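Trainee: The file below is upload-v4.tsv, TSV, C-alpha atoms and all ligand atoms:
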chain	number	residue	atom	x	y	z
D	1	MET	CA	-22.21	-23.48	4.23
D	2	ALA	CA	-18.56	-24.50	4.27
D	3	THR	CA	-16.26	-22.78	6.72
D	4	SER	CA	-13.27	-21.09	5.13
D	5	LEU	CA	-11.41	-20.06	8.26
D	6	GLU	CA	-11.79	-20.76	11.92
D	7	VAL	CA	-9.81	-18.89	14.55
D	8	ARG	CA	-9.96	-20.58	17.95
D	9	GLY	CA	-8.92	-18.89	21.19
D	10	VAL	CA	-6.03	-16.95	19.71
D	11	SER	CA	-3.91	-14.87	22.07
D	12	LEU	CA	-0.77	-13.01	21.09
D	13	ARG	CA	1.69	-11.32	23.40
D	14	PHE	CA	4.75	-9.22	22.66
D	15	GLY	CA	6.60	-9.17	25.96
D	16	GLY	CA	4.19	-7.42	28.27
D	17	VAL	CA	1.89	-6.23	25.47
D	18	ARG	CA	-1.26	-8.25	24.96
D	19	ALA	CA	-2.01	-7.67	21.30
D	20	LEU	CA	-4.78	-10.32	21.23
D	21	THR	CA	-6.66	-12.09	24.00
D	22	ASP	CA	-8.70	-15.23	23.34
D	23	VAL	CA	-10.04	-14.15	19.96
D	24	GLY	CA	-12.29	-16.63	18.17
D	25	PHE	CA	-14.45	-16.41	15.07
D	26	ALA	CA	-15.34	-18.33	11.94
D	27	ILE	CA	-15.66	-17.14	8.36
D	28	ARG	CA	-17.82	-18.92	5.81
D	29	ALA	CA	-16.57	-19.58	2.30
D	30	GLY	CA	-17.69	-16.70	0.09
D	31	GLU	CA	-18.11	-14.21	2.89
D	32	LEU	CA	-16.95	-10.60	2.89
D	33	PHE	CA	-15.94	-10.24	6.52
D	34	SER	CA	-14.69	-6.97	7.99
D	35	ILE	CA	-12.64	-6.33	11.10
D	36	ILE	CA	-12.93	-2.92	12.72
D	37	GLY	CA	-11.75	-1.33	15.93
D	38	PRO	CA	-9.70	1.59	17.23
D	39	ASN	CA	-5.98	1.94	16.52
D	40	GLY	CA	-3.97	-0.66	18.38
D	41	ALA	CA	-7.01	-2.93	18.82
D	42	GLY	CA	-5.18	-5.90	17.29
D	43	LYS	CA	-6.62	-5.88	13.77
D	44	THR	CA	-3.32	-6.20	11.92
D	45	SER	CA	-2.13	-8.70	14.53
D	46	ILE	CA	-5.02	-11.08	13.88
D	47	VAL	CA	-4.49	-10.81	10.12
D	48	ASN	CA	-0.79	-11.53	10.67
D	49	CYS	CA	-1.76	-14.61	12.67
D	50	ILE	CA	-3.93	-15.77	9.77
D	51	SER	CA	-1.22	-15.15	7.16
D	52	GLY	CA	1.42	-16.80	9.33
D	53	ARG	CA	3.58	-13.74	9.84
D	54	TYR	CA	2.87	-13.92	13.58
D	55	LYS	CA	2.64	-17.12	15.60
D	56	PRO	CA	-0.11	-16.98	18.23
D	57	THR	CA	1.05	-17.41	21.82
D	58	GLU	CA	-2.07	-19.52	22.34
D	59	GLY	CA	-4.85	-20.85	20.19
D	60	GLN	CA	-5.27	-22.45	16.80
D	61	LEU	CA	-6.24	-21.58	13.26
D	62	PHE	CA	-8.03	-23.84	10.80
D	63	TYR	CA	-8.29	-23.22	7.08
D	64	GLN	CA	-10.74	-25.39	5.18
D	65	GLY	CA	-10.85	-27.66	8.20
D	66	ARG	CA	-7.10	-28.10	8.34
D	67	ASP	CA	-4.96	-26.97	11.27
D	68	ILE	CA	-2.60	-24.34	9.83
D	69	THR	CA	-1.28	-23.04	13.17
D	70	GLY	CA	2.21	-24.43	12.56
D	71	LEU	CA	2.48	-23.61	8.87
D	72	THR	CA	4.81	-20.98	7.42
D	73	PRO	CA	3.43	-17.98	5.50
D	74	ASN	CA	4.56	-19.60	2.24
D	75	ALA	CA	2.78	-22.84	3.03
D	76	ARG	CA	-0.39	-20.89	3.80
D	77	ALA	CA	-0.04	-18.92	0.56
D	78	SER	CA	0.23	-22.20	-1.32
D	79	LEU	CA	-3.01	-23.34	0.30
D	80	GLY	CA	-4.71	-20.23	-1.07
D	81	ILE	CA	-4.38	-17.55	1.60
D	82	GLY	CA	-3.33	-14.23	0.03
D	83	ARG	CA	-2.87	-10.80	1.52
D	84	THR	CA	-2.12	-7.12	1.07
D	85	PHE	CA	-0.29	-5.00	3.63
D	86	GLN	CA	-1.31	-1.96	5.65
D	87	ASN	CA	1.72	-0.16	4.26
D	88	LEU	CA	2.51	-0.49	0.60
D	89	ALA	CA	5.07	-3.13	-0.26
D	90	LEU	CA	5.64	-2.79	-3.98
D	91	PHE	CA	8.84	-2.93	-5.98
D	92	HIS	CA	8.96	0.71	-6.96
D	93	HIS	CA	11.50	0.36	-9.74
D	94	MET	CA	9.61	-2.49	-11.41
D	95	SER	CA	6.73	-2.21	-13.85
D	96	VAL	CA	3.15	-2.80	-12.78
D	97	LEU	CA	3.15	-5.96	-14.88
D	98	ASP	CA	6.24	-7.36	-13.15
D	99	ASN	CA	4.94	-6.43	-9.70
D	100	VAL	CA	1.81	-8.44	-10.38
D	101	MET	CA	3.86	-11.29	-11.86
D	102	VAL	CA	5.81	-11.49	-8.59
D	103	GLY	CA	2.52	-12.41	-6.92
D	104	ARG	CA	2.51	-15.64	-8.87
D	105	HIS	CA	5.86	-16.90	-7.67
D	106	HIS	CA	4.18	-19.44	-5.39
D	107	LEU	CA	2.62	-20.95	-8.46
D	108	LEU	CA	5.82	-21.14	-10.49
D	109	LYS	CA	6.93	-24.72	-10.94
D	110	ASN	CA	9.98	-23.73	-12.95
D	111	ASN	CA	12.35	-21.33	-11.28
D	112	PHE	CA	15.72	-19.84	-12.12
D	113	LEU	CA	17.43	-23.21	-11.62
D	114	THR	CA	15.62	-24.62	-14.59
D	115	GLY	CA	15.90	-21.33	-16.45
D	116	SER	CA	18.68	-22.64	-18.66
D	117	LEU	CA	16.29	-25.24	-19.98
D	118	TYR	CA	13.76	-22.53	-20.76
D	119	TRP	CA	13.15	-23.49	-24.39
D	120	LEU	CA	13.38	-27.24	-23.84
D	121	THR	CA	11.10	-27.72	-20.86
D	122	GLY	CA	7.59	-26.59	-20.19
D	123	ALA	CA	8.92	-23.35	-18.75
D	124	ARG	CA	7.99	-21.21	-21.71
D	125	LYS	CA	4.47	-22.59	-21.87
D	126	GLU	CA	4.15	-22.08	-18.15
D	127	GLU	CA	5.30	-18.49	-18.40
D	128	LEU	CA	2.77	-17.78	-21.13
D	129	GLU	CA	0.00	-19.14	-18.93
D	130	HIS	CA	1.17	-16.92	-16.07
D	131	ARG	CA	1.24	-13.89	-18.37
D	132	ARG	CA	-2.32	-14.64	-19.47
D	133	LYS	CA	-3.54	-14.83	-15.85
D	134	VAL	CA	-1.72	-11.64	-14.94
D	135	GLU	CA	-3.26	-9.82	-17.91
D	136	GLU	CA	-6.69	-11.02	-16.82
D	137	ILE	CA	-6.20	-9.48	-13.38
D	138	ILE	CA	-4.79	-6.28	-14.86
D	139	ASP	CA	-7.92	-6.04	-17.03
D	140	PHE	CA	-10.16	-6.74	-14.05
D	141	LEU	CA	-8.60	-3.93	-12.02
D	142	ASP	CA	-8.47	-1.54	-15.00
D	143	LEU	CA	-4.70	-1.23	-14.87
D	144	GLN	CA	-4.15	-1.66	-18.65
D	145	SER	CA	-3.09	1.94	-19.21
D	146	VAL	CA	-0.31	1.73	-16.62
D	147	ARG	CA	0.83	-1.86	-17.09
D	148	LYS	CA	4.31	-0.80	-18.32
D	149	ALA	CA	4.69	2.10	-15.88
D	150	GLN	CA	7.11	1.90	-12.96
D	151	ALA	CA	5.07	1.27	-9.83
D	152	GLY	CA	6.88	4.03	-7.95
D	153	THR	CA	5.65	6.68	-10.36
D	154	LEU	CA	1.95	5.98	-9.81
D	155	SER	CA	-0.52	7.80	-7.59
D	156	TYR	CA	-1.12	6.34	-4.16
D	157	GLY	CA	-4.57	5.06	-5.12
D	158	LEU	CA	-3.17	3.24	-8.14
D	159	ARG	CA	-0.33	1.74	-6.13
D	160	LYS	CA	-2.85	0.31	-3.67
D	161	ARG	CA	-4.66	-1.19	-6.63
D	162	VAL	CA	-1.45	-2.72	-7.98
D	163	GLU	CA	-0.90	-4.26	-4.58
D	164	LEU	CA	-4.36	-5.76	-4.74
D	165	ALA	CA	-3.55	-7.08	-8.21
D	166	ARG	CA	-0.42	-8.74	-6.90
D	167	ALA	CA	-2.36	-10.40	-4.07
D	168	MET	CA	-4.99	-11.58	-6.56
D	169	ALA	CA	-2.30	-13.00	-8.84
D	170	LEU	CA	-1.76	-15.79	-6.32
D	171	GLU	CA	-5.36	-16.78	-7.07
D	172	PRO	CA	-6.17	-16.99	-3.37
D	173	ARG	CA	-9.41	-18.49	-2.13
D	174	LEU	CA	-9.12	-16.32	0.99
D	175	ILE	CA	-7.75	-12.81	0.66
D	176	LEU	CA	-6.71	-10.64	3.62
D	177	LEU	CA	-6.89	-6.90	2.98
D	178	ASP	CA	-5.32	-4.64	5.60
D	179	GLU	CA	-6.78	-1.15	5.14
D	180	PRO	CA	-7.07	-1.32	1.36
D	181	MET	CA	-8.58	2.18	1.25
D	182	ALA	CA	-6.39	3.97	3.78
D	183	GLY	CA	-5.27	7.39	2.56
D	184	MET	CA	-7.55	7.34	-0.48
D	185	ASN	CA	-9.84	10.08	-1.63
D	186	PHE	CA	-13.57	9.48	-1.95
D	187	GLU	CA	-13.45	8.47	-5.60
D	188	GLU	CA	-10.55	6.08	-5.11
D	189	LYS	CA	-12.37	4.51	-2.17
D	190	GLU	CA	-15.49	4.01	-4.24
D	191	ASP	CA	-13.47	2.30	-6.96
D	192	MET	CA	-11.64	0.09	-4.48
D	193	ALA	CA	-14.89	-0.89	-2.76
D	194	ARG	CA	-16.33	-1.94	-6.11
D	195	TYR	CA	-13.27	-4.06	-6.95
D	196	ILE	CA	-13.48	-5.77	-3.57
D	197	VAL	CA	-17.17	-6.55	-4.03
D	198	ASP	CA	-16.42	-7.86	-7.54
D	199	LEU	CA	-13.53	-10.07	-6.51
D	200	ASN	CA	-15.78	-11.48	-3.80
D	201	GLU	CA	-18.77	-12.01	-6.11
D	202	GLU	CA	-17.17	-12.71	-9.49
D	203	PHE	CA	-13.97	-14.46	-8.46
D	204	GLY	CA	-15.67	-16.05	-5.46
D	205	MET	CA	-12.84	-15.07	-3.13
D	206	THR	CA	-13.55	-15.05	0.59
D	207	VAL	CA	-12.52	-11.64	1.91
D	208	VAL	CA	-11.24	-10.54	5.31
D	209	MET	CA	-10.94	-6.77	5.29
D	210	ILE	CA	-9.63	-4.34	7.88
D	211	GLU	CA	-11.04	-0.92	7.18
D	212	HIS	CA	-11.54	2.33	9.06
D	213	ASP	CA	-14.14	3.87	6.81
D	214	MET	CA	-17.35	2.84	8.55
D	215	GLY	CA	-19.51	3.85	5.61
D	216	VAL	CA	-17.68	1.45	3.29
D	217	VAL	CA	-17.60	-1.31	5.90
D	218	MET	CA	-21.33	-1.07	6.51
D	219	ASP	CA	-22.07	-0.91	2.78
D	220	ILE	CA	-20.17	-3.93	1.53
D	221	SER	CA	-19.60	-6.33	4.44
D	222	HIS	CA	-21.69	-9.43	5.03
D	223	ARG	CA	-20.50	-9.55	8.63
D	224	VAL	CA	-18.37	-7.40	10.88
D	225	MET	CA	-16.20	-8.21	13.89
D	226	VAL	CA	-15.13	-5.53	16.35
D	227	LEU	CA	-11.86	-5.69	18.30
D	228	ASP	CA	-11.05	-3.47	21.23
D	229	PHE	CA	-7.84	-3.77	23.28
D	230	GLY	CA	-7.17	-7.13	21.65
D	231	ARG	CA	-10.54	-8.64	22.51
D	232	LYS	CA	-13.54	-9.35	20.36
D	233	ILE	CA	-16.38	-7.19	21.63
D	234	ALA	CA	-18.95	-7.79	18.89
D	235	GLU	CA	-19.62	-9.79	15.74
D	236	GLY	CA	-22.60	-9.92	13.44
D	237	ASP	CA	-24.32	-8.27	10.54
D	238	PRO	CA	-23.34	-4.65	10.00
D	239	ALA	CA	-26.55	-3.07	11.26
D	240	ALA	CA	-26.57	-5.09	14.47
D	241	VAL	CA	-22.91	-4.36	15.18
D	242	LEU	CA	-23.41	-0.68	14.61
D	243	ALA	CA	-26.32	-0.63	17.02
D	244	ASP	CA	-24.42	-2.52	19.73
D	245	PRO	CA	-23.91	-0.24	22.76
D	246	HIS	CA	-20.49	-1.81	23.54
D	247	VAL	CA	-19.32	-0.98	20.07
D	248	ARG	CA	-20.64	2.52	20.23
D	249	ARG	CA	-18.87	3.09	23.52
D	250	ALA	CA	-15.56	1.55	22.45
D	251	TYR	CA	-15.41	2.56	18.87
D	252	LEU	CA	-17.12	5.88	18.85
D	253	GLY	CA	-15.49	7.04	22.05
D	254	GLU	CA	-18.57	8.71	23.39
D	255	GLU	CA	-21.81	6.97	24.02
D	256	ASP	CA	-23.96	9.59	22.42
D	257	GLU	CA	-21.78	10.31	19.43
D	258	VAL	CA	-23.25	8.99	16.21
D	259	LEU	CA	-21.13	8.21	13.17
D	260	VAL	CA	-23.82	6.53	11.14
D	261	ASP	CA	-27.39	6.36	12.28
D	262	PRO	CA	-28.32	2.67	12.55
D	263	ASP	CA	-31.58	3.47	10.81
D	264	ASP	CA	-29.56	4.54	7.79
D	265	ALA	CA	-27.43	1.43	7.78
D	266	PRO	CA	-28.13	-1.10	5.06
D	267	PRO	CA	-30.53	-3.90	5.98
D	268	ALA	CA	-28.96	-7.12	7.22
D	269	GLN	CA	-27.96	-9.12	4.18
D	270	GLU	CA	-27.89	-12.81	3.58
D	271	SER	CA	-24.24	-13.69	3.10
D	272	ALA	CA	-23.25	-14.89	-0.33
D	273	ALA	CA	-23.71	-18.58	-1.06
D	301	LIG	N1	5.63	-6.70	16.08
D	301	LIG	C1	5.16	-6.14	17.20
D	301	LIG	N2	5.95	-5.97	18.27
D	301	LIG	C2	5.49	-5.41	19.41
D	301	LIG	N3	4.22	-5.01	19.58
D	301	LIG	C3	3.38	-5.15	18.53
D	301	LIG	C4	3.79	-5.72	17.29
D	301	LIG	N4	2.74	-5.74	16.44
D	301	LIG	C5	1.71	-5.19	17.11
D	301	LIG	N5	2.09	-4.84	18.38
D	301	LIG	C6	1.23	-4.24	19.40
D	301	LIG	O1	0.02	-4.97	19.44
D	301	LIG	C7	-1.08	-4.10	19.60
D	301	LIG	C8	-2.03	-4.27	18.44
D	301	LIG	O2	-1.44	-3.74	17.26
D	301	LIG	P1	-2.07	-3.90	15.83
D	301	LIG	O3	-2.48	-5.30	15.62
D	301	LIG	O4	-1.11	-3.33	14.84
D	301	LIG	O5	-3.36	-2.97	15.95
D	301	LIG	P2	-4.31	-2.34	14.82
D	301	LIG	O6	-3.95	-2.95	13.50
D	301	LIG	O7	-5.71	-2.67	15.28
D	301	LIG	O8	-4.09	-0.86	14.84
D	301	LIG	C9	-0.51	-2.70	19.73
D	301	LIG	O9	-0.35	-2.41	21.09
D	301	LIG	C10	0.83	-2.82	19.05
D	301	LIG	O10	1.73	-1.88	19.54
D	302	MG	MG	-3.29	-2.13	11.67
Output the file's structure in the form of structure tokens.

Mentor:
Amino acid sequence: MATSLEVRGVSLRFGGVRALTDVGFAIRAGELFSIIGPNGAGKTSIVNCISGRYKPTEGQLFYQGRDITGLTPNARASLGIGRTFQNLALFHHMSVLDNVMVGRHHLLKNNFLTGSLYWLTGARKEELEHRRKVEEIIDFLDLQSVRKAQAGTLSYGLRKRVELARAMALEPRLILLDEPMAGMNFEEKEDMARYIVDLNEEFGMTVVMIEHDMGVVMDISHRVMVLDFGRKIAEGDPAAVLADPHVRRAYLGEEDEVLVDPDDAPPAQESAA
């Protein structure tokens, strides 16, 4: 199966802080891959290295076989790497529709410079095509009823969903989700989990997800990687990772504390083709 992303020996330091130390892993195209670990373990840092927001101190990243280590975030977005943020980053005064439209700016050939030629060039046709795509995503995420609403007026759960819509609008092949369910109630989490599974299965997007809710992670992930103090301490199918004594010690704090009984964890799944 084709490799979507390969991270090779990535280390990241901020002054004296070692955020990441020699982290390596590979993600297959079509996989739903989760990253877990305690607060400060380096989860957001590794996602920032993938998106290009952070430049690794050491190591390399390959996307679809191509070395992207030196590329800017915009260049990576153009190659099909999309993301959402741990903290919401929406334009609160803008409508849901316009927030999602913003996600397509990488795909806009005509910008404000050609705006004066709007009716003469292909700009109008292009905009219609963008609108159609955006509406498709809004339908997919069941945001029709709030499409004209100001983003800032929506519930937290809905705002997280709008953020996902905006990331999807880029039509990424690889989507990075940093705690997409943080702060959500049970119902909102269930909905979000279903959308993530669907965008993986129906849209065929490869997913890298950081998530704290172990139940959700174990339910929907094909594979899980565990970071602790900036190092990878485990990687594998959810059941195996959950049963790993290192993980239980690091992640659960106490050796004998049980969050989810491994016997209750879903059986190891074949990752999607
Ligand atoms: N921009 C930054 N400047 C300084 N230190 C940072 C920065 N980003 C992350 N760190 C540090 O790197 C470590 C890992 O952080 P982070 O990747 O955010 O962890 P996680 O997402 O797993 O909670 C922490 O010690 C954090 O304080
Ligand atoms: Mg984080």

Trainee: Quick one: residues within 10 Å of (-18.6, -16.5, 5.4) (file frame), counting only C-alpha atoms, please, as a PyMOL selection string.

Mentor: chain D and resi 1-5+26-33+206-208+222-223+271-273

Trainee: Counting all atoms listed in the file, figure out which residue out of D:Met168, D:Tyr195, D:Ser155, D:Met209 gets nearest to D:Asp142.

Mentor: D:Tyr195

Trainee: Set the cut-off to 7 Å, count only C-alpha atoms and all ligand atoms, and list whatever residues fall near ligand MG 302 (chain D) as number ranges by chain.

Mentor: D: 39-40, 43-44, 86, 178

Trainee: Go ahead and save the picked residues with C-alpha atoms, as a PDB file, in the coordinates of the input.

Mentor:
ATOM      1  CA  ASN D  39      -5.980   1.940  16.520  1.00  0.00           C
ATOM      2  CA  GLY D  40      -3.970  -0.660  18.380  1.00  0.00           C
ATOM      3  CA  LYS D  43      -6.620  -5.880  13.770  1.00  0.00           C
ATOM      4  CA  THR D  44      -3.320  -6.200  11.920  1.00  0.00           C
ATOM      5  CA  GLN D  86      -1.310  -1.960   5.650  1.00  0.00           C
ATOM      6  CA  ASP D 178      -5.320  -4.640   5.600  1.00  0.00           C
TER       7      ASP D 178
END

Trainee: Around all listed atoms of ligand LIG 301 (chain D), padded 5 Å per side, what centre and edge lengths does the axis-aligned box have in Å to one decimal, as lines of an AutoDock Vina configuration file?

Mentor:
center_x = 0.1
center_y = -3.8
center_z = 17.3
size_x = 21.7
size_y = 15.8
size_z = 17.6

Trainee: Which residues of chain D sit at most 10 Å from ligand LIG 301 (chain D), using all atoms listed in the file? Give each one's shortest atom pair and distance in Å (one decimal place), in chain and ascending residue order, as CSV.

Mentor:
residue,atom,partner,partner_atom,distance
D:Leu12,CA,D:LIG301,O1,8.2
D:Arg13,CA,D:LIG301,O1,7.7
D:Phe14,CA,D:LIG301,C2,5.1
D:Gly15,CA,D:LIG301,C2,7.6
D:Gly16,CA,D:LIG301,N3,9.0
D:Val17,CA,D:LIG301,O9,6.2
D:Arg18,CA,D:LIG301,O1,6.5
D:Ala19,CA,D:LIG301,O1,3.9
D:Leu20,CA,D:LIG301,C8,7.2
D:Ile35,CA,D:LIG301,O7,8.9
D:Ile36,CA,D:LIG301,O7,7.7
D:Gly37,CA,D:LIG301,O7,6.2
D:Pro38,CA,D:LIG301,O7,6.2
D:Asn39,CA,D:LIG301,O8,3.8
D:Gly40,CA,D:LIG301,O5,3.4
D:Ala41,CA,D:LIG301,O7,3.8
D:Gly42,CA,D:LIG301,O3,3.2
D:Lys43,CA,D:LIG301,O7,3.7
D:Thr44,CA,D:LIG301,O6,3.7
D:Ser45,CA,D:LIG301,O3,3.6
D:Ile46,CA,D:LIG301,O3,6.5
D:Val47,CA,D:LIG301,O3,8.0
D:Asn48,CA,D:LIG301,O3,8.1
D:Cys49,CA,D:LIG301,O3,9.8
D:Arg53,CA,D:LIG301,N1,9.6
D:Tyr54,CA,D:LIG301,N1,8.1
D:Gln86,CA,D:LIG301,O6,8.3
D:Asp178,CA,D:LIG301,O6,8.2
D:Glu179,CA,D:LIG301,O6,9.0
D:Ile210,CA,D:LIG301,O6,8.1
D:Glu211,CA,D:LIG301,O6,9.7
D:His212,CA,D:LIG301,O7,9.9
D:Val226,CA,D:LIG301,O7,9.9
D:Leu227,CA,D:LIG301,O7,7.5
D:Asp228,CA,D:LIG301,O7,8.0
D:Phe229,CA,D:LIG301,C8,7.6
D:Gly230,CA,D:LIG301,C8,6.7

Trainee: Out of D:Ile196, D:Gln150, D:Val23, D:Gln60, which residue has the shortest atom-to-atom distance to D:Ile233 when counting only C-alpha atoms?

Mentor: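 Distance minimum relative to D:Ile233 lands on D:Val23.
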
Trainee: What is the distance between atom CA of D:Arg131 and atom CA of D:Asp98, in Å to one decimal?

Mentor: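 Atom CA of D:Asp98 lies at a distance of 9.7 Å from atom CA of D:Arg131.
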
Trainee: Can you list, as a list in words, every protein, DNA or RNA residue that comes within 10 Å of stretch 66-77 of chain D when you count all atoms listed in the file, leaving out same-chain residues fewer than 6 positions away?

Mentor: Ser4, Leu5, Glu6, Val7, Asn48, Cys49, Ile50, Ser51, Gly52, Arg53, Tyr54, Lys55, Pro56, Glu58, Gly59, Gln60, Arg83, His106, Leu107, Ala167, Leu170, Glu171, Pro172, Arg173, Leu174 and Ile175 of chain D

Trainee: Mind dumping the selected residues with C-alpha atoms as a compact mmCIF listing (two decimals), keeping the file's coordinate frame?

Mentor:
# COMPACT_ATOMS: atom_id res chain seq x y z
CA SER D 4 -13.27 -21.09 5.13
CA LEU D 5 -11.41 -20.06 8.26
CA GLU D 6 -11.79 -20.76 11.92
CA VAL D 7 -9.81 -18.89 14.55
CA ASN D 48 -0.79 -11.53 10.67
CA CYS D 49 -1.76 -14.61 12.67
CA ILE D 50 -3.93 -15.77 9.77
CA SER D 51 -1.22 -15.15 7.16
CA GLY D 52 1.42 -16.80 9.33
CA ARG D 53 3.58 -13.74 9.84
CA TYR D 54 2.87 -13.92 13.58
CA LYS D 55 2.64 -17.12 15.60
CA PRO D 56 -0.11 -16.98 18.23
CA GLU D 58 -2.07 -19.52 22.34
CA GLY D 59 -4.85 -20.85 20.19
CA GLN D 60 -5.27 -22.45 16.80
CA ARG D 83 -2.87 -10.80 1.52
CA HIS D 106 4.18 -19.44 -5.39
CA LEU D 107 2.62 -20.95 -8.46
CA ALA D 167 -2.36 -10.40 -4.07
CA LEU D 170 -1.76 -15.79 -6.32
CA GLU D 171 -5.36 -16.78 -7.07
CA PRO D 172 -6.17 -16.99 -3.37
CA ARG D 173 -9.41 -18.49 -2.13
CA LEU D 174 -9.12 -16.32 0.99
CA ILE D 175 -7.75 -12.81 0.66

Trainee: Calculated over only C-alpha atoms, which of the candidates D:Ala151, D:Leu128, D:Val134, D:Ala243 has the smallest distance to D:His92?

Mentor: D:Ala151

Trainee: Quick one: residues within 8 Å of (7.0, -6.3, -3.1) (file frame), counting only C-alpha atoms, please, as an mmCIF file with C-alpha atoms, keeping the file's coordinate frame.

Mentor:
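Produced file result-v2.cif, reproduced below:
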data_model
loop_
_atom_site.group_PDB
_atom_site.id
_atom_site.type_symbol
_atom_site.label_atom_id
_atom_site.label_comp_id
_atom_site.auth_asym_id
_atom_site.auth_seq_id
_atom_site.Cartn_x
_atom_site.Cartn_y
_atom_site.Cartn_z
ATOM 1 C CA ALA D 89 5.070 -3.130 -0.260
ATOM 2 C CA LEU D 90 5.640 -2.790 -3.980
ATOM 3 C CA PHE D 91 8.840 -2.930 -5.980
ATOM 4 C CA ASN D 99 4.940 -6.430 -9.700
ATOM 5 C CA VAL D 102 5.810 -11.490 -8.590
#

Trainee: Can you work out the spacing between atom CA of D:Thr153 and atom CA of D:Leu177 in Å, to one decimal?

Mentor: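 Between these atoms lies a distance of 22.8 Å.
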
Trainee: Just how far from atom CA of D:Met225 is atom CA of D:Tyr251, in Å to one decimal?

Mentor: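 So the answer is 11.9 Å.
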
Trainee: Check the smallest atom-to-atom distance from each of D:Val197, D:Ile138, D:Ala240, D:Ala169 to D:Gly82 using all atoms listed in the file, then report the winner.

Mentor: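 Of all the options, D:Ala169 lies closest to D:Gly82.
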
Trainee: Which one is closest to D:Val162: D:Gly80, D:Pro245, D:Gly65, D:Gly103? Count all atoms listed in the file.

Mentor: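 Looking at the shortest contact to D:Val162, the residue is D:Gly103.
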
Trainee: For a quick check of understanding, using all atoms listed in the file, which of D:Ala149, D:Leu79, D:Met192, D:Leu158 has the smallest distance to D:His93?

Mentor: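 So, comparing all the options, the nearest one is D:Ala149.
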